[in-house]
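*Asks:* The structure follows.
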Amino acid sequence: MEIYEEINDGIAVLTLEGRLDAVSSKGLKDAVNELLKKEKSSIVLNMLKVDFIDSSGLGSLVSCLKTVNNERGDIRLASLQDQVRAILELTRLYRVFQIFDDSDTAVKSY
Amino acid sequence: MKKIKFIIKSDLENVALAGMSINKLCSLTTMDDSQSFQMELCAVEAINNSIIHAYNNEITNDVEIYLEIADKYFQLDICDRGKTMDKDILERADINLLKDNFDNPEEISESGRGLAVIKDVMDKVTYKSVNGINRLTMIKYI
C-alpha cells in the first residue's frame with residue numbers, strides 16, 4: 001500500500017492507495033506515529049483508492065485511533081469505497097469513526 | 001461443477017494474490033462485485049489464520065486453497081498442516097458477541113474479528129482436522 005502525506009488547512013491528510021491488510025497495516029501505524037512526532041494529531045485518512053480491507057486492516061485503524069486519541073487528537077475517514085464501507089458496517093466499527101464523503105469535508109470538520 | 005486448487009507458501013505477502021484470484025474467478029460467474037469481494041475477504045481471513053496461528057508466521061509451509069463452483073453454492077476450503085485450531089474458537093466467533101465498547105475506543109479490540117466476519121458472510125462454516133490436515137470449509141449458497 002502506498003501512503004502519501006499532505007497538510008491541508010493545518011490538518012494532516014494521509015492518502016492511502018491499495019490494500020489495507022495484514023501486510024500493510026504496520027505501514028499505516030508507522031505513518032500515523034510519524035505525524036504524532038510532528039505534533040499532528042488531527043488526521044484525515046483519504047481512502048478513495050483503498051480497494052480492499054480485512055480484519056487486520058480494521059485492527060490497524062482501531063490501533064491508530066487509540067494512539068491518536070491518547071494524544072487528544074482524532075482520525076476521521078473519508079471517501080470510502082462501497083466494499084470497504086460495508087466491512088466497517090458489518091463489524092460495527094463505523095460507530096467509532098467519523099466518516100465523510102470526501103477528504104475536504106473531513107478536513108473542514110475539524 | 002468447477003473446481004480449482006491453489007497452493008501458496010505461508011507468507012502473508014502471498015495472501016493478496018490468492019485473494020484477488022478468488023475474487024476474479026467469482027466475478028466471472030453469476031456473483032456480483034459485492035459477493036466476489038466477500039469471497040475474497042473470507043479467503044484472506046482464513047489464509048491469514050493458517051499462516052499466523054497454524055504456522056506461527058513460519059513462511060516455508062504450504063497453504064492449500066480450493067474453490068468449488070456449483071449451480072447452487074460456492075465452496076472455499078483452506079487447508080494447512082500446522083497447529084490445529086480449538087473448535088471452541090470457531091463456535092464462539094460471532095460479530096454480535098464481540099465485547100467492543102463503541103463509546104470508548106480504548107475498549108475496542110484490535111484483533112479477533114476474522115472468523116466472526118467469515119461466519120457472518122458465509123452460510124455454513126465448518127472446521128476439521130484429519131490426519132494432520134486442518135480444513136476450514138466455507139459455503140455460500142446462491
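Residues are referred to by chain and number: the chain letter is A, B, ... according to the order shown in the C-alpha cells, the number counts from 1 in that chain, and ligands are numbered separately from 1 in the order shown.
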I'd like a table as a Markdown table: residues in chain B with an atom no more than 10 Å from chain A, each row giving the shortest atom pair and its distance in Å to one decimal, only C-alpha atoms counted, sorted by chain and rising residue number.
*Replies:*
| residue | atom | partner | partner_atom | distance |
| --- | --- | --- | --- | --- |
| B:Asp11 | CA | A:Val23 | CA | 9.7 |
| B:Leu12 | CA | A:Val23 | CA | 6.4 |
| B:Glu13 | CA | A:Val23 | CA | 6.5 |
| B:Asn14 | CA | A:Val23 | CA | 9.6 |
| B:Val15 | CA | A:Val23 | CA | 9.0 |
| B:Ala16 | CA | A:Arg19 | CA | 8.3 |
| B:Met20 | CA | A:Phe52 | CA | 9.7 |
| B:Asp33 | CA | A:Gln83 | CA | 8.8 |
| B:Ser34 | CA | A:Gln83 | CA | 6.7 |
| B:Gln35 | CA | A:Gln83 | CA | 9.8 |
| B:Phe37 | CA | A:Gln83 | CA | 7.3 |
| B:Gln38 | CA | A:Gln83 | CA | 8.6 |
| B:Glu40 | CA | A:Phe52 | CA | 9.2 |
| B:Leu41 | CA | A:Asp54 | CA | 6.4 |
| B:Cys42 | CA | A:Asp54 | CA | 8.8 |
| B:Val44 | CA | A:Asp54 | CA | 7.5 |
| B:Glu45 | CA | A:Asp54 | CA | 7.0 |
| B:Asn48 | CA | A:Ala22 | CA | 7.8 |
| B:Ile52 | CA | A:Ala22 | CA | 9.9 |
| B:Ile95 | CA | A:Thr91 | CA | 6.5 |
| B:Asn96 | CA | A:Thr91 | CA | 8.7 |
| B:Leu98 | CA | A:Thr91 | CA | 9.1 |
| B:Asp100 | CA | A:Leu93 | CA | 9.2 |
| B:Asn101 | CA | A:Val96 | CA | 9.3 |
| B:Phe102 | CA | A:Val96 | CA | 5.8 |
| B:Asp103 | CA | A:Val96 | CA | 7.2 |
| B:Asn104 | CA | A:Val96 | CA | 8.0 |
| B:Pro105 | CA | A:Lys66 | CA | 6.2 |
| B:Glu106 | CA | A:Lys66 | CA | 6.0 |
| B:Glu107 | CA | A:Lys66 | CA | 9.3 |
| B:Ile108 | CA | A:Val62 | CA | 7.3 |
| B:Ser109 | CA | A:Gly59 | CA | 7.4 |
| B:Glu110 | CA | A:Gly59 | CA | 4.1 |
| B:Ser111 | CA | A:Gly59 | CA | 5.6 |
| B:Gly112 | CA | A:Ser55 | CA | 7.8 |
| B:Arg113 | CA | A:Ser55 | CA | 5.9 |
| B:Gly114 | CA | A:Ser55 | CA | 5.6 |
| B:Leu115 | CA | A:Ser55 | CA | 9.3 |
| B:Ala116 | CA | A:Thr91 | CA | 8.8 |
| B:Val117 | CA | A:Thr91 | CA | 7.5 |
| B:Asp120 | CA | A:Leu90 | CA | 8.2 |
| B:Val121 | CA | A:Leu90 | CA | 9.0 |
*Asks:* To test your reading of the structure, identify every residue in stretch 2-132 of chain B that backbone DSSP assigns to alpha helix (DSSP H), and report it as a ChimeraX atom specification.
*Replies:* /B:15-27,33-49,87-92,114-121
*Asks:* So which bits of stretch 3-108 of chain A end up strand (DSSP E) when you DSSP the backbone, as JSON, numbers by chain?
*Replies:* {"A": [3, 4, 5, 6, 7, 8, 11, 12, 13, 14, 15, 16, 17, 18, 19, 20, 42, 43, 44, 45, 46, 47, 48, 49, 50, 51, 52, 53, 74, 75, 76, 77, 78, 98, 99, 100]}
*Asks:* Residues of the last selection are to be written out with C-alpha atoms, as an mmCIF file, in the first residue's frame.
*Replies:*
data_model
loop_
_atom_site.group_PDB
_atom_site.id
_atom_site.type_symbol
_atom_site.label_atom_id
_atom_site.label_comp_id
_atom_site.auth_asym_id
_atom_site.auth_seq_id
_atom_site.Cartn_x
_atom_site.Cartn_y
_atom_site.Cartn_z
ATOM 1 C CA ILE A 3 0.739 6.288 1.715
ATOM 2 C CA TYR A 4 1.015 9.957 0.773
ATOM 3 C CA GLU A 5 1.075 12.752 3.331
ATOM 4 C CA GLU A 6 -0.063 16.331 2.906
ATOM 5 C CA ILE A 7 -1.162 19.156 5.167
ATOM 6 C CA ASN A 8 -4.479 20.777 4.283
ATOM 7 C CA ILE A 11 -4.857 19.089 9.133
ATOM 8 C CA ALA A 12 -2.748 16.062 8.244
ATOM 9 C CA VAL A 13 -4.198 14.072 5.373
ATOM 10 C CA LEU A 14 -2.885 10.599 4.658
ATOM 11 C CA THR A 15 -3.950 9.352 1.259
ATOM 12 C CA LEU A 16 -3.876 5.558 1.123
ATOM 13 C CA GLU A 17 -3.675 3.547 -2.088
ATOM 14 C CA GLY A 18 -4.089 -0.215 -2.362
ATOM 15 C CA ARG A 19 -4.927 -2.895 0.164
ATOM 16 C CA LEU A 20 -5.152 -2.308 3.906
ATOM 17 C CA SER A 42 -5.809 15.852 13.775
ATOM 18 C CA ILE A 43 -5.725 13.365 10.934
ATOM 19 C CA VAL A 44 -7.830 12.509 7.909
ATOM 20 C CA LEU A 45 -7.418 9.197 6.103
ATOM 21 C CA ASN A 46 -8.381 9.600 2.463
ATOM 22 C CA MET A 47 -9.374 6.053 1.483
ATOM 23 C CA LEU A 48 -10.664 6.713 -2.018
ATOM 24 C CA LYS A 49 -8.106 4.335 -3.506
ATOM 25 C CA VAL A 50 -8.290 1.629 -0.821
ATOM 26 C CA ASP A 51 -9.956 -1.230 -2.671
ATOM 27 C CA PHE A 52 -9.637 -3.933 -0.013
ATOM 28 C CA ILE A 53 -9.617 -4.109 3.761
ATOM 29 C CA ASP A 74 -8.714 12.181 16.148
ATOM 30 C CA ILE A 75 -8.698 10.153 12.962
ATOM 31 C CA ARG A 76 -11.513 10.781 10.515
ATOM 32 C CA LEU A 77 -12.147 8.667 7.449
ATOM 33 C CA ALA A 78 -13.030 9.966 4.008
ATOM 34 C CA GLN A 98 -16.399 9.866 11.876
ATOM 35 C CA ILE A 99 -16.819 9.117 8.164
ATOM 36 C CA PHE A 100 -17.104 11.736 5.432
#
*Asks:* Counting only C-alpha atoms, which of A:Lys26, A:Gly73, A:Asp9, A:Ser103 gets nearest to A:Glu39?
*Replies:* A:Gly73
*Asks:* Could you jot down the atom CA of B:Leu90 to atom CA of B:Asp62 separation for me, Å, one decimal place?
*Replies:*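 Separating atom CA of B:Leu90 from atom CA of B:Asp62 is a distance of 22.0 Å.
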*Asks:* Can you work out the spacing between atom CA of B:Asn134 and atom CA of B:Leu28 in Å, to one decimal?
*Replies:*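 Here the two named atoms are 28.8 Å from each other.
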*Asks:* Quote the spacing between atom CA of B:Arg81 and atom CA of B:Asn56 in Å to one decimal place.
*Replies:* 11.7 Å
